[in-house]
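Colleague: Sharing a structure with you now.
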Amino acid sequence: MNAVKLTTPTGPVRATIPLASSKSESNRALIIDALTDFQCELRNLSTARDTQTMIRLLKSDDTTADVLDAGTTMRFLTAYFAVTGQQKIMTGTPRMCERPIGILVDALRTLGADITYVKNDGYPPLQINGFTPSAEAKVSIRGDVSSQYISALLMVAPTLPNGLTLELTGAIGSRPYIEMTLEQMVYFGADLQADWEAKTITVKPKPYTPKPYAIESDWSGASYWYSIAALAQDETSELELLGLKAKSLQGDSAIVDIMRSLGVESTFTDTGVRLTKQPAATALSWDFTHCPDLAQTVAVCAAMKGVILTLTGIESLKIKETDRVAALQAELQKIGAELVEIESNHRYEVRPLGNQSATLPSIETYDDHRMAMAFAPVAMRREVVIEEPGVVAKSYPSFWEDMARITQVQAIEEGSNVAG
């Protein structure tokens, strides 16, 4: 389908949502499982395209590994294929081949990987030619570019003859994702120590121990339902999100605290978390350094509620599936708001303009799953069209079916309803 139109609910929004599993946890567990020769029992793996791509490529004997648009899959598999001595060409979509990988490749070369670039230095596609362990067991790597580089190196570290000490330089971004990696590694028997003050992580050479592991539901996916709860117009609206834990490994569980300021109270139950409405603040400032995937959702929610939102820590959004800062700036205009950089030190502000057009807004998604899902909650206040809705398959394939539990989701160009 080329677009869907979402209508505005006329009464309370009430539903129980069986959230998708976390692709972040799934993809890490899959790499660790592969390093145990696939002896772990992994339960509740994500159905997201990124994870399914990871599963397919781990099982494939093809010499070319096409990750499509999956950044995590590209970074994790590059490290895995390198240290396990496999010969692979790593490639992906045109956009994936514009996303830098040089920092990771340089680190792997230091450890003994033979990697060459097929076209442009520092970018996919790249050729992995094998691995001859070097005597080097210490690597310095920037902490402020992508936590995926760091996680990729950490997960393969227990298999290296001398282990690995990572020295993180500069600021450390997305630290919760690094901590998630470390927690999963420890669960599977890794011997490691993280000194955040010294910015070093030391992993000793010790094979992983195969164990069963159950994946938690996805807090990134939960964030869209928090936005729906915040924007629902009936004060008796209530949502229950299944499979979430109060003590989560996922950094995007920060949405609990963020959305408290935007009018959503969270109550954890034996099966997940219940969302109810409460008064919202009139302004909010948040540093998204450690949870950048929440920025689009929160920006749209604030814009629709008329809340002045100050955002920092969103520079990494410019090298994601699209330039998410530019995409937000373009699409927020369609719902009567703007995103402006207010200082040269990368502070941004979402400002409601107070002049929402009567024209039905049609939101471009830029091949970015999070653009589609971040703008879907707009429907709680006004009808909205989301273009190219199939992009949600990357992380949350059942999103539109779940949306149909609370509102009409109509495939407008094919003339049929998606569900309900």
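FYI, nothing fancy with the structure tokens labels: chains A, B, ... in order, residues from 1 per chain, ligands from 1 as they appear.
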Residues near range 269-281 of chain A, anyone? I mean within 7 Å using only C-alpha atoms, not counting same-chain ones fewer than 6 positions away, as a CSV table (one decimal) with C-alpha atoms, in the first residue's frame.
Modeller:
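The resulting file, result-v6.csv, is reproduced below:
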chain,number,residue,atom,x,y,z
A,229,ALA,CA,-1.9,7.8,25.4
A,230,ALA,CA,-0.6,11.4,25.8
A,235,GLU,CA,-9.2,11.6,30.0
A,237,SER,CA,-8.3,6.5,28.0
A,238,GLU,CA,-6.2,3.6,29.1
A,239,LEU,CA,-3.7,1.3,27.4
A,240,GLU,CA,-1.9,-1.8,28.6
A,241,LEU,CA,1.4,-2.8,26.9
A,242,LEU,CA,2.4,-6.4,27.3
A,243,GLY,CA,5.8,-7.9,27.9
A,244,LEU,CA,7.6,-4.9,29.4
A,245,LYS,CA,9.7,-4.9,32.6
A,261,SER,CA,5.9,15.2,31.9
A,262,LEU,CA,3.7,14.9,28.8
A,263,GLY,CA,0.8,13.5,30.7
Colleague: Hey, what does DSSP flag as strand (DSSP E or B) within range 21-215 of chain A? Can you give it to me as a PyMOL selection string?
Modeller: chain A and resi 21+42-43+64-66+88-91+113-117+126-131+138-142+164-169+192-195+200-203+213-214
Colleague: Might you pull out every residue within 8 Å of Ala376 in chain A, with only C-alpha atoms counted and same-chain residues fewer than 5 positions away left off, and present them as a list of chain:residue names?
Modeller: A:Leu6, A:Tyr224, A:Val384, A:Ile386
Colleague: Limited to N, CA and C atoms, could you put the picked residues into a file as a compact mmCIF listing (two decimals), in the first residue's frame?
Modeller:
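See part_23.txt below for the written result:
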# COMPACT_ATOMS: atom_id res chain seq x y z
N LEU A 6 -5.41 7.63 8.84
CA LEU A 6 -5.84 7.30 10.19
C LEU A 6 -6.89 8.30 10.63
N TYR A 224 5.56 4.71 20.94
CA TYR A 224 4.47 5.23 20.11
C TYR A 224 3.13 5.14 20.84
N VAL A 384 -4.84 12.01 9.69
CA VAL A 384 -3.50 12.16 9.13
C VAL A 384 -3.25 11.03 8.14
N ILE A 386 -0.24 8.77 6.38
CA ILE A 386 1.16 8.34 6.49
C ILE A 386 1.54 7.66 5.18
Colleague: Run DSSP on the backbone of this structure and report the residues of range 147-373 of chain A it assigns to helix (DSSP H, G or I), as a VMD selection string.
Modeller: chain A and resid 147 to 159 175 to 187 219 to 231 251 to 261 292 to 305 315 to 319 324 to 335 369 to 373
Colleague: Which residues, written as JSON, numbers by chain, have at least one atom at most 12 Å from range 339-344 of chain A, with only C-alpha atoms counted and residues fewer than 4 positions away on the same chain left out?
Modeller: {"A": [295, 296, 299, 300, 302, 303, 308, 309, 310, 311, 312, 314, 315, 324, 325, 326, 327, 328, 329, 330, 331, 332, 333, 334, 335, 348, 349, 350, 351, 352, 353]}
Colleague: A:Val118, A:Lys88, A:Thr36, A:Ser26: which is nearest Pro158 in chain A, counting only C-alpha atoms?
Modeller: A:Thr36
Colleague: Tell me which of A:Glu265, A:Asp69, A:Glu25, A:Glu216 sits closest to Lys394 in chain A, counting only C-alpha atoms.
Modeller: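 When distances to Lys394 in chain A are compared using only C-alpha atoms, the smallest one comes from A:Asp69.
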Colleague: Tell me which of A:Trp225, A:Met74, A:Asn129, A:Glu183 sits closest to Met403 in chain A, counting only C-alpha atoms.
Modeller: A:Trp225
Colleague: When you count only C-alpha atoms, which of these residues is closest to Tyr396 in chain A: A:Lys59, A:Lys211, A:Arg49, A:Lys318?
Modeller: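 That would be A:Arg49, the residue with the smallest distance to Tyr396 in chain A.
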Colleague: For Lys206 in chain A, work out the shell of residues within 8 Å, counting only C-alpha atoms and skipping chain neighbours fewer than 2 positions away, then give it as a count of residues only.
Modeller: 8
Colleague: Pick from A:Val4, A:Val307, A:Leu317, A:Ala34: nearest to Val145 in chain A, with only C-alpha atoms counted?
Modeller: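 Under the stated criterion, the closest residue is A:Leu317.
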Colleague: Interatomic distance between CA of Thr236 in chain A and CA of Arg381 in chain A?
Modeller: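 Taking CA of Thr236 in chain A as the start and CA of Arg381 in chain A as the end point, the length is 15.5 Å.
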Colleague: Which residue is closest to Arg95 in chain A? Choose from A:Ala198, A:Thr51, A:Glu321, A:Gly170 and count only C-alpha atoms.
Modeller: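 The shortest atom-to-atom distance to Arg95 in chain A comes from A:Glu321.
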Colleague: Do you know which residues are at most 9 Å from Leu154 in chain A counting only C-alpha atoms, after dropping those on the same chain fewer than 4 positions away, and could you put them as a list of chain:residue names?
Modeller: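 The neighbour list is A:Tyr149, A:Ile150, A:Pro158, A:Leu164, A:Thr165, A:Leu166, A:Ile178, A:Thr181, A:Leu182, A:Met185, A:Ile201, A:Thr202, A:Val203.
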Colleague: The selected residues should be written to file as a short mmCIF file (atom, residue, chain, number, x, y, z; two decimals), in the first residue's frame (atoms: C-alpha atoms).
Modeller:
data_model
loop_
_atom_site.label_atom_id
_atom_site.label_comp_id
_atom_site.auth_asym_id
_atom_site.auth_seq_id
_atom_site.Cartn_x
_atom_site.Cartn_y
_atom_site.Cartn_z
CA TYR A 149 30.59 -0.06 16.86
CA ILE A 150 31.38 -0.51 20.55
CA PRO A 158 35.58 -13.08 24.66
CA LEU A 164 40.06 -6.89 24.64
CA THR A 165 40.32 -3.58 26.44
CA LEU A 166 38.29 -0.79 24.83
CA ILE A 178 26.39 -0.49 25.61
CA THR A 181 25.35 -5.47 25.52
CA LEU A 182 27.44 -5.94 28.66
CA MET A 185 27.40 -10.84 27.69
CA ILE A 201 35.86 -1.74 29.28
CA THR A 202 37.99 -4.85 29.72
CA VAL A 203 36.83 -8.26 28.49
#
Colleague: Taking 2 positions as the minimum chain separation for residues in the same chain, which residues sit within 12 Å of Arg405 in chain A when counting only C-alpha atoms? Answer as a VMD selection string.
Modeller: chain A and resid 6 9 13 to 18 225 239 398 to 403 407 to 409 418 to 420
Colleague: Based on the selection just made, write C-alpha atoms of those residues as a CSV table (one decimal), in the first residue's frame.
Modeller:
chain,number,residue,atom,x,y,z
A,6,LEU,CA,-5.8,7.3,10.2
A,9,PRO,CA,-11.2,8.1,17.7
A,13,VAL,CA,-8.8,4.9,23.6
A,14,ARG,CA,-8.6,1.5,25.3
A,15,ALA,CA,-6.7,-1.5,24.2
A,16,THR,CA,-4.2,-4.2,25.2
A,17,ILE,CA,-1.2,-4.2,22.9
A,18,PRO,CA,1.0,-7.3,22.4
A,225,TRP,CA,1.7,4.0,22.4
A,239,LEU,CA,-3.7,1.3,27.4
A,398,SER,CA,2.3,-5.5,13.2
A,399,PHE,CA,2.1,-1.8,14.0
A,400,TRP,CA,-0.8,-1.0,11.7
A,401,GLU,CA,-2.7,-4.0,12.8
A,402,ASP,CA,-2.2,-2.9,16.4
A,403,MET,CA,-3.3,0.7,15.5
A,407,THR,CA,-8.9,3.7,15.2
A,408,GLN,CA,-9.6,3.1,11.5
A,409,VAL,CA,-6.6,2.5,9.4
A,418,VAL,CA,-5.7,-2.6,6.5
A,419,ALA,CA,-7.6,-4.0,9.4
A,420,GLY,CA,-10.7,-3.4,11.5
